[in-house]
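**Q** Just so it is clear, I am handing over final-v2.tsv, which has TSV, C-alpha atoms and all ligand atoms.
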```tsv
chain	number	residue	atom	x	y	z
A	1	MET	CA	91.76	76.78	83.85
A	2	ALA	CA	89.45	78.62	86.24
A	3	SER	CA	85.74	78.21	85.52
A	4	LYS	CA	85.26	81.99	85.69
A	5	LEU	CA	87.17	84.94	84.29
A	6	ARG	CA	88.17	87.86	86.46
A	7	LEU	CA	88.86	91.43	85.46
A	8	HIS	CA	92.48	92.47	85.70
A	9	GLU	CA	93.02	94.59	88.82
A	10	GLY	CA	95.44	97.49	88.80
A	11	THR	CA	96.85	99.41	85.89
A	12	VAL	CA	97.79	97.99	82.48
A	13	ARG	CA	101.56	97.93	82.81
A	14	ALA	CA	104.03	97.71	79.94
A	15	SER	CA	105.14	94.35	81.36
A	16	LEU	CA	101.59	92.97	81.05
A	17	VAL	CA	101.37	94.00	77.40
A	18	ALA	CA	104.77	92.36	76.78
A	19	GLU	CA	103.48	89.16	78.43
A	20	LEU	CA	100.46	89.15	76.08
A	21	GLU	CA	102.71	89.78	73.10
A	22	ALA	CA	105.00	86.90	74.00
A	23	PHE	CA	102.22	84.35	74.55
A	24	ARG	CA	102.18	81.53	71.99
A	25	ALA	CA	99.94	78.49	71.63
A	26	PRO	CA	101.55	76.19	69.06
A	27	GLY	CA	99.04	73.86	67.42
A	28	GLN	CA	96.19	75.70	69.17
A	29	ARG	CA	94.13	78.85	68.65
A	30	VAL	CA	93.60	81.51	71.28
A	31	SER	CA	90.81	84.08	71.64
A	32	SER	CA	91.21	87.87	71.49
A	33	TYR	CA	87.88	89.68	71.94
A	34	TYR	CA	87.15	93.40	71.99
A	35	VAL	CA	83.70	93.93	73.42
A	36	ASP	CA	81.91	97.29	73.56
A	37	LEU	CA	79.64	97.63	76.59
A	38	ASP	CA	77.94	100.82	75.37
A	39	ALA	CA	77.40	102.82	78.54
A	40	THR	CA	75.09	105.32	76.83
A	41	GLN	CA	72.29	102.76	76.66
A	42	ASP	CA	70.36	101.35	79.59
A	43	THR	CA	71.77	98.16	81.06
A	44	GLU	CA	69.24	95.76	79.53
A	45	ALA	CA	69.61	97.22	76.02
A	46	ALA	CA	73.41	97.12	76.36
A	47	LYS	CA	73.27	93.47	77.49
A	48	LEU	CA	71.18	92.58	74.48
A	49	ALA	CA	73.67	94.33	72.16
A	50	VAL	CA	76.56	92.41	73.76
A	51	LYS	CA	74.66	89.11	73.39
A	52	ASN	CA	73.93	89.77	69.70
A	53	SER	CA	77.46	90.73	68.94
A	54	LEU	CA	78.90	87.69	70.72
A	55	ALA	CA	76.40	85.45	68.94
A	56	THR	CA	77.90	86.62	65.63
A	57	GLN	CA	81.41	85.73	66.87
A	58	ARG	CA	80.12	82.34	67.99
A	59	GLU	CA	78.84	81.62	64.47
A	60	ARG	CA	82.22	82.61	63.06
A	61	LEU	CA	84.13	80.29	65.33
A	62	ASP	CA	81.70	77.42	64.72
A	63	GLN	CA	82.54	77.72	61.02
A	64	LEU	CA	86.32	77.81	61.42
A	65	ASP	CA	88.19	75.08	59.65
A	66	VAL	CA	90.01	73.73	62.72
A	67	PRO	CA	90.25	70.34	64.50
A	68	HIS	CA	87.53	69.46	66.98
A	69	PHE	CA	89.69	69.95	70.10
A	70	VAL	CA	90.67	73.44	68.93
A	71	ARG	CA	87.05	74.42	68.38
A	72	GLN	CA	86.08	73.04	71.80
A	73	SER	CA	88.70	75.18	73.44
A	74	LEU	CA	87.57	78.30	71.53
A	75	ARG	CA	83.97	77.59	72.54
A	76	HIS	CA	85.02	77.39	76.16
A	77	ASP	CA	86.81	80.77	75.80
A	78	TRP	CA	83.64	82.21	74.29
A	79	GLU	CA	81.45	81.00	77.15
A	80	LEU	CA	83.78	82.47	79.76
A	81	ILE	CA	83.92	85.80	77.93
A	82	GLN	CA	80.15	86.02	77.47
A	83	GLU	CA	79.56	85.40	81.17
A	84	LEU	CA	82.03	88.07	82.23
A	85	ALA	CA	80.92	90.64	79.63
A	86	LEU	CA	77.26	90.35	80.62
A	87	GLY	CA	78.20	90.66	84.27
A	88	THR	CA	80.25	93.79	83.62
A	89	VAL	CA	77.71	95.77	81.56
A	90	GLY	CA	76.63	98.87	83.45
A	91	ARG	CA	79.85	99.37	85.42
A	92	ARG	CA	80.69	103.05	85.41
A	93	ASP	CA	84.46	102.62	84.97
A	94	THR	CA	84.24	100.15	82.08
A	95	ARG	CA	83.24	101.21	78.60
A	96	ALA	CA	84.69	98.18	76.84
A	97	LEU	CA	86.63	94.98	77.48
A	98	ALA	CA	89.71	93.52	75.87
A	99	CYS	CA	89.74	89.76	76.58
A	100	PHE	CA	92.69	87.46	75.93
A	101	VAL	CA	91.81	83.89	76.71
A	102	ALA	CA	93.49	80.56	76.02
A	103	SER	CA	91.45	77.94	77.89
A	104	ALA	CA	93.64	75.14	76.61
A	105	GLY	CA	96.77	76.85	77.94
A	106	GLY	CA	95.14	77.87	81.23
A	107	TYR	CA	95.74	81.55	80.51
A	108	ALA	CA	93.38	84.53	80.66
A	109	ARG	CA	93.64	88.31	81.02
A	110	VAL	CA	90.69	90.65	80.76
A	111	LEU	CA	91.33	94.40	80.68
A	112	ARG	CA	88.84	97.21	81.21
A	113	LEU	CA	88.90	100.02	78.66
A	114	PRO	CA	87.36	103.45	79.22
A	115	TRP	CA	86.99	104.14	75.47
A	116	PRO	CA	84.48	102.70	72.98
A	117	VAL	CA	85.77	99.86	70.80
A	118	ARG	CA	84.53	98.16	67.68
A	119	ASP	CA	83.37	94.64	68.47
A	120	ARG	CA	86.00	92.26	67.13
A	121	ALA	CA	87.23	88.74	67.75
A	122	PHE	CA	90.33	86.96	66.52
A	123	PHE	CA	91.13	83.25	66.71
A	124	GLU	CA	94.84	83.00	65.95
A	125	ASP	CA	97.79	81.15	67.45
A	126	ARG	CA	98.69	84.32	69.35
A	127	PHE	CA	96.81	87.27	70.81
A	128	VAL	CA	95.89	90.09	68.45
A	129	LEU	CA	96.89	93.32	70.15
A	130	TRP	CA	96.72	96.12	67.59
A	131	PRO	CA	93.25	97.29	68.69
A	132	LEU	CA	94.53	97.28	72.29
A	133	HIS	CA	97.53	99.40	71.32
A	134	GLN	CA	95.26	101.90	69.58
A	135	GLN	CA	93.29	102.23	72.81
A	136	LEU	CA	96.32	102.47	75.07
A	137	ASP	CA	97.73	105.25	72.87
A	138	GLN	CA	94.71	107.43	73.62
A	139	ALA	CA	95.37	107.75	77.33
A	140	ASP	CA	98.30	109.32	79.15
A	141	ARG	CA	99.92	107.59	82.12
A	142	TYR	CA	100.20	109.38	85.45
A	143	ALA	CA	102.34	108.76	88.49
A	144	VAL	CA	101.46	110.13	91.91
A	145	CYS	CA	104.17	110.59	94.52
A	146	LEU	CA	103.14	111.41	98.08
A	147	THR	CA	105.80	112.17	100.64
A	148	ASP	CA	106.23	113.68	104.07
A	149	LYS	CA	109.40	113.88	106.14
A	150	ASP	CA	109.86	110.13	106.52
A	151	ASP	CA	107.15	108.25	104.58
A	152	ALA	CA	106.51	107.98	100.85
A	153	ARG	CA	104.02	106.25	98.55
A	154	LEU	CA	104.16	105.92	94.77
A	155	PHE	CA	101.20	105.15	92.53
A	156	LEU	CA	100.54	104.60	88.85
A	157	VAL	CA	97.24	105.84	87.42
A	158	TYR	CA	96.19	104.73	83.96
A	159	LEU	CA	92.88	104.16	82.21
A	160	GLU	CA	91.04	105.23	85.38
A	161	GLN	CA	92.72	102.55	87.51
A	162	ILE	CA	95.19	103.08	90.31
A	163	GLU	CA	97.94	100.85	91.63
A	164	GLU	CA	100.19	101.53	94.60
A	165	VAL	CA	103.60	100.46	93.38
A	166	SER	CA	105.72	101.20	96.41
A	167	ALA	CA	105.62	102.53	99.95
A	168	PHE	CA	108.54	103.06	102.26
A	169	ARG	CA	109.73	104.85	105.39
A	170	ASP	CA	113.13	106.35	106.10
A	171	LYS	CA	114.01	106.37	109.76
A	172	LEU	CA	114.22	109.80	111.34
A	173	PRO	CA	115.96	110.34	114.67
A	174	GLY	CA	113.37	110.78	117.44
A	175	ARG	CA	112.36	114.16	118.74
A	176	VAL	CA	114.48	115.15	121.72
A	177	ARG	CA	114.74	118.38	123.70
A	178	PHE	CA	118.26	119.52	124.48
A	179	PRO	CA	119.05	121.86	127.33
A	180	ASP	CA	122.27	122.83	125.56
A	181	PRO	CA	121.77	125.22	122.55
A	182	ILE	CA	124.88	123.90	120.74
A	183	LYS	CA	123.63	120.31	120.96
A	184	GLU	CA	120.17	121.48	119.92
A	185	TRP	CA	121.71	123.15	116.84
A	186	HIS	CA	123.62	119.98	115.90
A	187	TYR	CA	120.52	117.91	116.37
A	188	THR	CA	118.37	120.19	114.18
A	189	ASN	CA	120.99	120.13	111.46
A	190	LYS	CA	121.14	116.37	111.57
A	191	HIS	CA	117.35	116.25	111.39
A	192	VAL	CA	117.26	118.48	108.30
A	193	ASP	CA	119.95	116.31	106.79
A	194	TYR	CA	117.84	113.19	107.38
A	195	PHE	CA	114.83	114.46	105.63
A	196	HIS	CA	116.89	115.87	102.84
A	197	ARG	CA	118.17	112.32	102.35
A	198	HIS	CA	114.62	110.99	102.52
A	199	PHE	CA	113.58	113.31	99.67
A	200	GLU	CA	116.59	112.16	97.66
A	201	HIS	CA	115.56	108.58	98.25
A	202	VAL	CA	111.95	109.26	97.13
A	203	ALA	CA	113.12	111.18	94.05
A	204	GLU	CA	115.34	108.25	93.12
A	205	ALA	CA	112.46	105.77	93.57
A	206	ALA	CA	110.28	107.95	91.31
A	207	LEU	CA	113.01	108.00	88.65
A	208	ARG	CA	113.40	104.20	88.84
A	209	LEU	CA	109.63	103.83	88.43
A	210	PHE	CA	109.72	106.14	85.39
A	211	GLN	CA	112.50	104.06	83.80
A	212	ARG	CA	110.55	100.84	84.39
A	213	GLU	CA	107.03	102.11	83.61
A	214	PRO	CA	107.27	105.41	81.72
A	215	PHE	CA	104.55	107.97	82.47
A	216	GLU	CA	103.66	111.30	80.83
A	217	HIS	CA	102.60	113.22	83.92
A	218	LEU	CA	103.65	113.37	87.54
A	219	ILE	CA	101.62	114.62	90.48
A	220	ILE	CA	103.45	115.31	93.72
A	221	GLY	CA	101.79	115.62	97.10
A	222	GLY	CA	102.63	116.19	100.72
A	223	LEU	CA	102.85	119.09	103.14
A	224	SER	CA	102.86	122.16	100.91
A	225	GLU	CA	105.76	123.77	102.82
A	226	HIS	CA	108.06	120.80	102.01
A	227	LEU	CA	107.03	120.25	98.39
A	228	PRO	CA	109.33	122.84	96.77
A	229	GLU	CA	112.35	121.19	98.43
A	230	PHE	CA	111.22	117.76	97.29
A	231	GLU	CA	110.52	118.98	93.75
A	232	GLY	CA	114.03	120.42	93.67
A	233	GLN	CA	115.39	116.91	94.26
A	234	LEU	CA	113.55	115.42	91.27
A	235	HIS	CA	115.44	114.47	88.17
A	236	ARG	CA	114.97	116.97	85.33
A	237	TYR	CA	112.94	114.37	83.32
A	238	LEU	CA	110.48	114.19	86.17
A	239	ARG	CA	110.41	117.90	87.07
A	240	ASP	CA	109.29	118.63	83.51
A	241	ARG	CA	106.40	116.20	83.97
A	242	VAL	CA	104.91	117.69	87.15
A	243	VAL	CA	101.33	118.74	86.41
A	244	ALA	CA	100.04	119.25	89.95
A	245	ARG	CA	101.21	119.83	93.51
A	246	TRP	CA	98.82	118.67	96.20
A	247	ASP	CA	98.65	119.51	99.86
A	248	MET	CA	97.80	115.94	100.88
A	249	ASP	CA	98.54	113.58	103.73
A	250	VAL	CA	100.84	110.77	102.66
A	251	HIS	CA	98.49	108.22	104.28
A	252	THR	CA	95.40	109.30	102.33
A	253	PRO	CA	93.33	106.21	101.38
A	254	THR	CA	94.03	105.01	97.83
A	255	PRO	CA	90.47	105.54	96.48
A	256	GLN	CA	90.71	109.22	97.46
A	257	VAL	CA	94.09	109.51	95.75
A	258	LEU	CA	92.50	108.07	92.59
A	259	GLU	CA	89.53	110.42	92.77
A	260	ARG	CA	91.81	113.45	92.99
A	261	ALA	CA	94.10	112.11	90.24
A	262	LEU	CA	91.10	111.70	87.91
A	263	GLN	CA	90.11	115.33	88.55
A	264	GLU	CA	93.67	116.33	87.71
A	265	GLU	CA	93.49	114.23	84.54
A	266	GLN	CA	90.35	116.15	83.53
A	267	ASN	CA	92.32	119.40	83.88
A	268	VAL	CA	95.13	118.04	81.73
A	269	LEU	CA	92.67	116.76	79.10
A	270	LYS	CA	90.99	120.16	79.03
A	271	ARG	CA	94.33	121.92	78.51
A	272	GLN	CA	95.20	119.46	75.73
A	273	ALA	CA	91.83	120.08	74.03
A	274	GLN	CA	92.34	123.86	74.27
A	275	GLY	CA	95.79	123.43	72.75
A	276	ILE	CA	94.37	121.42	69.82
A	277	TRP	CA	91.62	124.00	69.31
A	278	LYS	CA	94.21	126.78	69.19
A	279	SER	CA	96.27	124.84	66.60
A	280	ILE	CA	93.15	124.27	64.50
A	281	LEU	CA	92.41	128.00	64.43
A	282	ASP	CA	96.07	129.02	63.97
A	283	SER	CA	96.53	126.75	60.95
A	284	ARG	CA	92.92	126.86	59.81
A	285	ALA	CA	93.77	127.31	56.10
A	286	GLN	CA	96.10	124.30	55.78
A	287	ARG	CA	95.35	121.98	58.66
A	288	GLY	CA	92.20	122.97	60.50
A	289	THR	CA	88.73	121.54	59.86
A	290	LEU	CA	85.58	122.83	61.53
A	291	GLY	CA	82.26	121.04	61.58
A	292	PRO	CA	81.17	117.57	60.47
A	293	GLU	CA	81.56	117.68	56.69
A	294	GLU	CA	85.13	119.01	56.66
A	295	SER	CA	86.13	116.71	59.51
A	296	PHE	CA	84.58	113.61	57.87
A	297	ALA	CA	86.46	114.46	54.64
A	298	ALA	CA	89.74	114.67	56.59
A	299	LEU	CA	89.00	111.33	58.30
A	300	TRP	CA	88.29	109.75	54.92
A	301	GLN	CA	91.67	111.05	53.66
A	302	ARG	CA	93.25	109.52	56.78
A	303	ARG	CA	94.93	112.83	57.55
A	304	VAL	CA	93.61	113.46	61.07
A	305	GLN	CA	96.19	114.08	63.75
A	306	ALA	CA	93.76	115.18	66.46
A	307	LEU	CA	89.98	115.13	66.72
A	308	LEU	CA	87.90	117.25	69.08
A	309	ILE	CA	84.39	116.10	69.80
A	310	GLU	CA	81.71	117.24	72.19
A	311	PRO	CA	80.80	114.57	74.75
A	312	ALA	CA	77.33	112.99	74.71
A	313	VAL	CA	76.47	114.40	71.27
A	314	SER	CA	74.87	111.86	69.01
A	315	TYR	CA	73.36	112.03	65.50
A	316	ALA	CA	72.26	109.38	63.07
A	317	GLY	CA	74.12	109.53	59.75
A	318	PHE	CA	75.51	107.48	56.89
A	319	ARG	CA	78.62	105.56	55.90
A	320	CYS	CA	79.55	104.65	52.36
A	321	GLY	CA	79.58	100.87	51.98
A	322	ALA	CA	82.32	101.07	49.33
A	323	CYS	CA	84.91	103.56	50.64
A	324	GLY	CA	83.83	104.08	54.26
A	325	ARG	CA	83.28	107.85	53.97
A	326	LEU	CA	80.99	109.28	56.67
A	327	HIS	CA	78.18	111.63	55.61
A	328	LEU	CA	75.47	113.54	57.43
A	329	SER	CA	72.96	112.96	54.62
A	330	GLY	CA	72.10	110.00	52.37
A	331	GLY	CA	72.30	109.73	48.58
A	332	PRO	CA	75.32	108.51	46.59
A	333	CYS	CA	78.74	108.95	48.20
A	334	VAL	CA	80.46	112.26	47.27
A	335	GLU	CA	83.81	110.51	46.97
A	336	CYS	CA	83.00	107.37	45.00
A	337	GLY	CA	79.28	107.36	44.20
A	338	GLY	CA	78.88	104.23	46.34
A	339	LYS	CA	75.74	103.23	48.21
A	340	MET	CA	75.42	104.43	51.78
A	341	ALA	CA	74.16	102.66	54.87
A	342	GLU	CA	72.68	104.35	57.90
A	343	VAL	CA	74.70	104.46	61.13
A	344	ALA	CA	73.07	105.04	64.52
A	345	ASP	CA	75.64	107.54	65.78
A	346	ILE	CA	77.89	109.24	63.28
A	347	TYR	CA	79.98	110.99	65.97
A	348	ASP	CA	80.76	107.67	67.58
A	349	GLU	CA	81.79	106.36	64.14
A	350	ALA	CA	84.07	109.38	63.68
A	351	VAL	CA	85.76	108.55	67.01
A	352	HIS	CA	86.32	104.94	65.88
A	353	ASP	CA	87.80	106.13	62.57
A	354	ALA	CA	90.08	108.60	64.34
A	355	ILE	CA	91.33	106.00	66.86
A	356	GLU	CA	92.05	103.65	63.97
A	357	GLN	CA	94.25	106.22	62.25
A	358	CYS	CA	96.10	106.77	65.53
A	359	ALA	CA	94.75	110.29	65.92
A	360	GLN	CA	94.55	111.83	69.36
A	361	VAL	CA	90.86	112.01	70.30
A	362	ARG	CA	89.73	114.47	72.94
A	363	TYR	CA	86.20	115.00	74.21
A	364	TRP	CA	85.73	118.70	74.92
A	365	LYS	CA	82.74	120.61	76.21
A	366	ASP	CA	83.04	124.21	75.09
A	367	GLN	CA	80.76	126.76	73.41
A	368	ALA	CA	83.31	127.32	70.60
A	369	LEU	CA	83.16	123.64	69.61
A	370	ASN	CA	79.39	123.60	70.02
A	371	ASP	CA	79.19	126.51	67.56
A	372	VAL	CA	80.79	124.38	64.82
A	373	ASP	CA	78.38	121.47	65.37
A	374	SER	CA	80.48	119.72	68.02
A	375	ILE	CA	83.35	118.39	65.90
A	376	ALA	CA	86.67	119.74	64.60
A	377	ALA	CA	89.98	118.24	63.54
A	378	LEU	CA	93.63	119.07	63.14
A	379	LYS	CA	95.17	117.48	60.04
A	380	ARG	CA	98.68	116.09	59.89
A	381	PHE	CA	99.58	118.05	56.77
B	401	ZN	ZN	82.31	106.17	48.97
```
Now, as a test, write the supplied structure out as structure tokens.
**A**
Amino acid sequence: MASKLRLHEGTVRASLVAELEAFRAPGQRVSSYYVDLDATQDTEAAKLAVKNSLATQRERLDQLDVPHFVRQSLRHDWELIQELALGTVGRRDTRALACFVASAGGYARVLRLPWPVRDRAFFEDRFVLWPLHQQLDQADRYAVCLTDKDDARLFLVYLEQIEEVSAFRDKLPGRVRFPDPIKEWHYTNKHVDYFHRHFEHVAEAALRLFQREPFEHLIIGGLSEHLPEFEGQLHRYLRDRVVARWDMDVHTPTPQVLERALQEEQNVLKRQAQGIWKSILDSRAQRGTLGPEESFAALWQRRVQALLIEPAVSYAGFRCGACGRLHLSGGPCVECGGKMAEVADIYDEAVHDAIEQCAQVRYWKDQALNDVDSIAALKRF
């Protein structure tokens, strides 16, 4: 077992999740930690919050009824996770960590998450993945396919990470000048045929990638004059997923490809939020809730299909200790009369509740949402 943990590089692929699911440690316990690295606070305050939360988990594991060697291994996991978490606080691309560590088995995977999580730890004989699945469900997967007449590169983009999954070149016949117009004509035809075949090859590679690692959206890029021909070669499944067409050199450095893909993702997220908003207004009487009180009631009924929330809005509020209902004001709970406890940020709590009921959560900055106190929801029924 390495003496230090490293963050997983690249995207979270379906195969990685399957590997975590299949991992077993008979006779042992393994550690699954979800650690929030609250990016809204300053780094020192966030570090302190991480330390306090991990200290609570440490107490829990010290009290587990397990043999000494099992506890020692869990303690080692804990130390590795604490070191990595404290070193990661303040990173712009990491809002939370999901850590899966089995010191005794020499296995560790630590994934960055761009969404807030509730701090949790599990010490079972296998990794606990349901909070990870809830997070993964929030984000769409993108593929980017860049191609010119002979080169191609394919990328996956997910949870703000990029991974180049393949790159290849199809050989084109060299450029030659023919004195004879008939030969020239044959040559040009052959040339067109070659790059037609190249596009077919790229389209097939994109389809194979989709079958292996399904994605919701596809971005294609290359010389804008060739893109329509390439798009025409794509399988119908993929053509329906194209969200953007870029005029971009196939050899563009990967970080620039990521930057542009993240801008494109923002556009898609905005369109999704506008779509949810329209559904809320269209079915306002049966399924739409506007403002905090109506939306908190819908969350309490576990009926939220989609939640819209304004980014960077934060209010203190209350949560019922008995039934979990969120309220803006104190006093006995309107649902059960239970006693309420203060929460630092009620909007953040609403996001947690929505993620836990597998609702689609979208942050959306728009005057219309601001006018209803920054929160609205679409109910399932
Ligand atoms: Zn209550």
**Q** Hey, which residues come within 10 Å of ligand ZN 401 (chain B) if we count all atoms listed in the file? Could you give them as a list in words?
**A**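 Final answer, ordered by chain and number: Trp300, Arg319, Cys320, Gly321, Ala322, Cys323, Gly324, Arg325, Leu326, His327, Pro332, Cys333, Val334, Glu335, Cys336, Gly337, Gly338, Lys339 and Met340 of chain A.
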**Q** Need to verify the contact set: Ala376 (chain A), 12 Å, only C-alpha atoms, exclusion of same-chain residues closer than 2 positions in sequence. Can you return it as a PDB file with C-alpha atoms, keeping the file's coordinate frame?
**A**
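So result-v9.pdb came out as:
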```pdb
ATOM      1  CA  ALA A 273      91.830 120.080  74.030  1.00  0.00           C
ATOM      2  CA  GLN A 274      92.340 123.860  74.270  1.00  0.00           C
ATOM      3  CA  ILE A 276      94.370 121.420  69.820  1.00  0.00           C
ATOM      4  CA  TRP A 277      91.620 124.000  69.310  1.00  0.00           C
ATOM      5  CA  LYS A 278      94.210 126.780  69.190  1.00  0.00           C
ATOM      6  CA  SER A 279      96.270 124.840  66.600  1.00  0.00           C
ATOM      7  CA  ILE A 280      93.150 124.270  64.500  1.00  0.00           C
ATOM      8  CA  LEU A 281      92.410 128.000  64.430  1.00  0.00           C
ATOM      9  CA  ARG A 284      92.920 126.860  59.810  1.00  0.00           C
ATOM     10  CA  ARG A 287      95.350 121.980  58.660  1.00  0.00           C
ATOM     11  CA  GLY A 288      92.200 122.970  60.500  1.00  0.00           C
ATOM     12  CA  THR A 289      88.730 121.540  59.860  1.00  0.00           C
ATOM     13  CA  LEU A 290      85.580 122.830  61.530  1.00  0.00           C
ATOM     14  CA  GLY A 291      82.260 121.040  61.580  1.00  0.00           C
ATOM     15  CA  PRO A 292      81.170 117.570  60.470  1.00  0.00           C
ATOM     16  CA  GLU A 293      81.560 117.680  56.690  1.00  0.00           C
ATOM     17  CA  GLU A 294      85.130 119.010  56.660  1.00  0.00           C
ATOM     18  CA  SER A 295      86.130 116.710  59.510  1.00  0.00           C
ATOM     19  CA  PHE A 296      84.580 113.610  57.870  1.00  0.00           C
ATOM     20  CA  ALA A 297      86.460 114.460  54.640  1.00  0.00           C
ATOM     21  CA  ALA A 298      89.740 114.670  56.590  1.00  0.00           C
ATOM     22  CA  LEU A 299      89.000 111.330  58.300  1.00  0.00           C
ATOM     23  CA  VAL A 304      93.610 113.460  61.070  1.00  0.00           C
ATOM     24  CA  GLN A 305      96.190 114.080  63.750  1.00  0.00           C
ATOM     25  CA  ALA A 306      93.760 115.180  66.460  1.00  0.00           C
ATOM     26  CA  LEU A 307      89.980 115.130  66.720  1.00  0.00           C
ATOM     27  CA  LEU A 308      87.900 117.250  69.080  1.00  0.00           C
ATOM     28  CA  ILE A 309      84.390 116.100  69.800  1.00  0.00           C
ATOM     29  CA  GLU A 310      81.710 117.240  72.190  1.00  0.00           C
ATOM     30  CA  TYR A 347      79.980 110.990  65.970  1.00  0.00           C
ATOM     31  CA  ALA A 350      84.070 109.380  63.680  1.00  0.00           C
ATOM     32  CA  VAL A 351      85.760 108.550  67.010  1.00  0.00           C
ATOM     33  CA  ALA A 354      90.080 108.600  64.340  1.00  0.00           C
ATOM     34  CA  VAL A 361      90.860 112.010  70.300  1.00  0.00           C
ATOM     35  CA  ARG A 362      89.730 114.470  72.940  1.00  0.00           C
ATOM     36  CA  TYR A 363      86.200 115.000  74.210  1.00  0.00           C
ATOM     37  CA  TRP A 364      85.730 118.700  74.920  1.00  0.00           C
ATOM     38  CA  ASP A 366      83.040 124.210  75.090  1.00  0.00           C
ATOM     39  CA  ALA A 368      83.310 127.320  70.600  1.00  0.00           C
ATOM     40  CA  LEU A 369      83.160 123.640  69.610  1.00  0.00           C
ATOM     41  CA  ASN A 370      79.390 123.600  70.020  1.00  0.00           C
ATOM     42  CA  ASP A 371      79.190 126.510  67.560  1.00  0.00           C
ATOM     43  CA  VAL A 372      80.790 124.380  64.820  1.00  0.00           C
ATOM     44  CA  ASP A 373      78.380 121.470  65.370  1.00  0.00           C
ATOM     45  CA  SER A 374      80.480 119.720  68.020  1.00  0.00           C
ATOM     46  CA  LEU A 378      93.630 119.070  63.140  1.00  0.00           C
ATOM     47  CA  LYS A 379      95.170 117.480  60.040  1.00  0.00           C
TER      48      LYS A 379
END
```
**Q** What does the distance from CA of Asp93 (chain A) to CA of Trp246 (chain A) come to in Å, to one decimal?
**A**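 If I compute the distance from CA of Asp93 (chain A) to CA of Trp246 (chain A), I get 24.3 Å.
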**Q** Expressed in Å to a single decimal, how great is the separation between CA of Val343 (chain A) and CA of Leu48 (chain A)?
**A**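 Rounded to one decimal, the two atoms are 18.2 Å apart.
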**Q** Would you compute the distance between CA of Phe127 (chain A) and CA of Phe100 (chain A)? Give it in Å to one decimal.
**A**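 Between CA of Phe127 (chain A) and CA of Phe100 (chain A) the gap works out to 6.6 Å.
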**Q** Rank A:Gln161, A:Gln367, A:Gln301, A:Thr147 by their smallest atom-to-atom distance to Phe230 (chain A), using all atoms listed in the file, and report the top residue only.
**A**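 Looking only at the distances to Phe230 (chain A), the closest residue turns out to be A:Thr147.
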**Q** So for region 348-360 of chain A, what box centre and size do we get, axis-aligned, 4 Å extra on each of the six sides, every listed atom, Å to one decimal, as lines of an AutoDock Vina configuration file?
**A**
```
center_x = 88.4
center_y = 107.7
center_z = 65.8
size_x = 23.3
size_y = 16.2
size_z = 15.1
```
**Q** Which residue is closest to Glu124 (chain A)? Choose from A:His352, A:Lys47, A:Arg112, A:Arg71 and count all atoms listed in the file.
**A**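 For Glu124 (chain A), the nearest of the given residues is A:Arg71.
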**Q** Name all residues at most 10 Å from Glu265 (chain A) (count only C-alpha atoms; drop same-chain ones fewer than 2 positions away) and give them as a list in words.
**A** Ala139, Asp140, Arg141, Tyr142, Val157, Tyr158, Glu160, His217, Val243, Ala244, Glu259, Arg260, Ala261, Leu262, Gln263, Asn267, Val268, Leu269, Lys270 and Arg271 of chain A
**Q** For C-alpha atoms, I'd like the residues from the last selection saved as a short mmCIF file (atom, residue, chain, number, x, y, z; two decimals), keeping the file's coordinate frame.
**A**
```cif
data_model
loop_
_atom_site.label_atom_id
_atom_site.label_comp_id
_atom_site.auth_asym_id
_atom_site.auth_seq_id
_atom_site.Cartn_x
_atom_site.Cartn_y
_atom_site.Cartn_z
CA ALA A 139 95.37 107.75 77.33
CA ASP A 140 98.30 109.32 79.15
CA ARG A 141 99.92 107.59 82.12
CA TYR A 142 100.20 109.38 85.45
CA VAL A 157 97.24 105.84 87.42
CA TYR A 158 96.19 104.73 83.96
CA GLU A 160 91.04 105.23 85.38
CA HIS A 217 102.60 113.22 83.92
CA VAL A 243 101.33 118.74 86.41
CA ALA A 244 100.04 119.25 89.95
CA GLU A 259 89.53 110.42 92.77
CA ARG A 260 91.81 113.45 92.99
CA ALA A 261 94.10 112.11 90.24
CA LEU A 262 91.10 111.70 87.91
CA GLN A 263 90.11 115.33 88.55
CA ASN A 267 92.32 119.40 83.88
CA VAL A 268 95.13 118.04 81.73
CA LEU A 269 92.67 116.76 79.10
CA LYS A 270 90.99 120.16 79.03
CA ARG A 271 94.33 121.92 78.51
#
```
**Q** Might you pull out every residue within 12 Å of Leu209 (chain A), with only C-alpha atoms counted and same-chain residues fewer than 4 positions away left off, and present them as a ChimeraX atom specification?
**A** /A:13-14,142-145,153-156,164-166,202-205,213-215,218,238
**Q** Write to file, as an mmCIF file, keeping the file's coordinate frame, the residues of the selection just made, with C-alpha atoms.
**A**
```
data_model
loop_
_atom_site.group_PDB
_atom_site.id
_atom_site.type_symbol
_atom_site.label_atom_id
_atom_site.label_comp_id
_atom_site.auth_asym_id
_atom_site.auth_seq_id
_atom_site.Cartn_x
_atom_site.Cartn_y
_atom_site.Cartn_z
ATOM 1 C CA ARG A 13 101.560 97.930 82.810
ATOM 2 C CA ALA A 14 104.030 97.710 79.940
ATOM 3 C CA TYR A 142 100.200 109.380 85.450
ATOM 4 C CA ALA A 143 102.340 108.760 88.490
ATOM 5 C CA VAL A 144 101.460 110.130 91.910
ATOM 6 C CA CYS A 145 104.170 110.590 94.520
ATOM 7 C CA ARG A 153 104.020 106.250 98.550
ATOM 8 C CA LEU A 154 104.160 105.920 94.770
ATOM 9 C CA PHE A 155 101.200 105.150 92.530
ATOM 10 C CA LEU A 156 100.540 104.600 88.850
ATOM 11 C CA GLU A 164 100.190 101.530 94.600
ATOM 12 C CA VAL A 165 103.600 100.460 93.380
ATOM 13 C CA SER A 166 105.720 101.200 96.410
ATOM 14 C CA VAL A 202 111.950 109.260 97.130
ATOM 15 C CA ALA A 203 113.120 111.180 94.050
ATOM 16 C CA GLU A 204 115.340 108.250 93.120
ATOM 17 C CA ALA A 205 112.460 105.770 93.570
ATOM 18 C CA GLU A 213 107.030 102.110 83.610
ATOM 19 C CA PRO A 214 107.270 105.410 81.720
ATOM 20 C CA PHE A 215 104.550 107.970 82.470
ATOM 21 C CA LEU A 218 103.650 113.370 87.540
ATOM 22 C CA LEU A 238 110.480 114.190 86.170
#
```
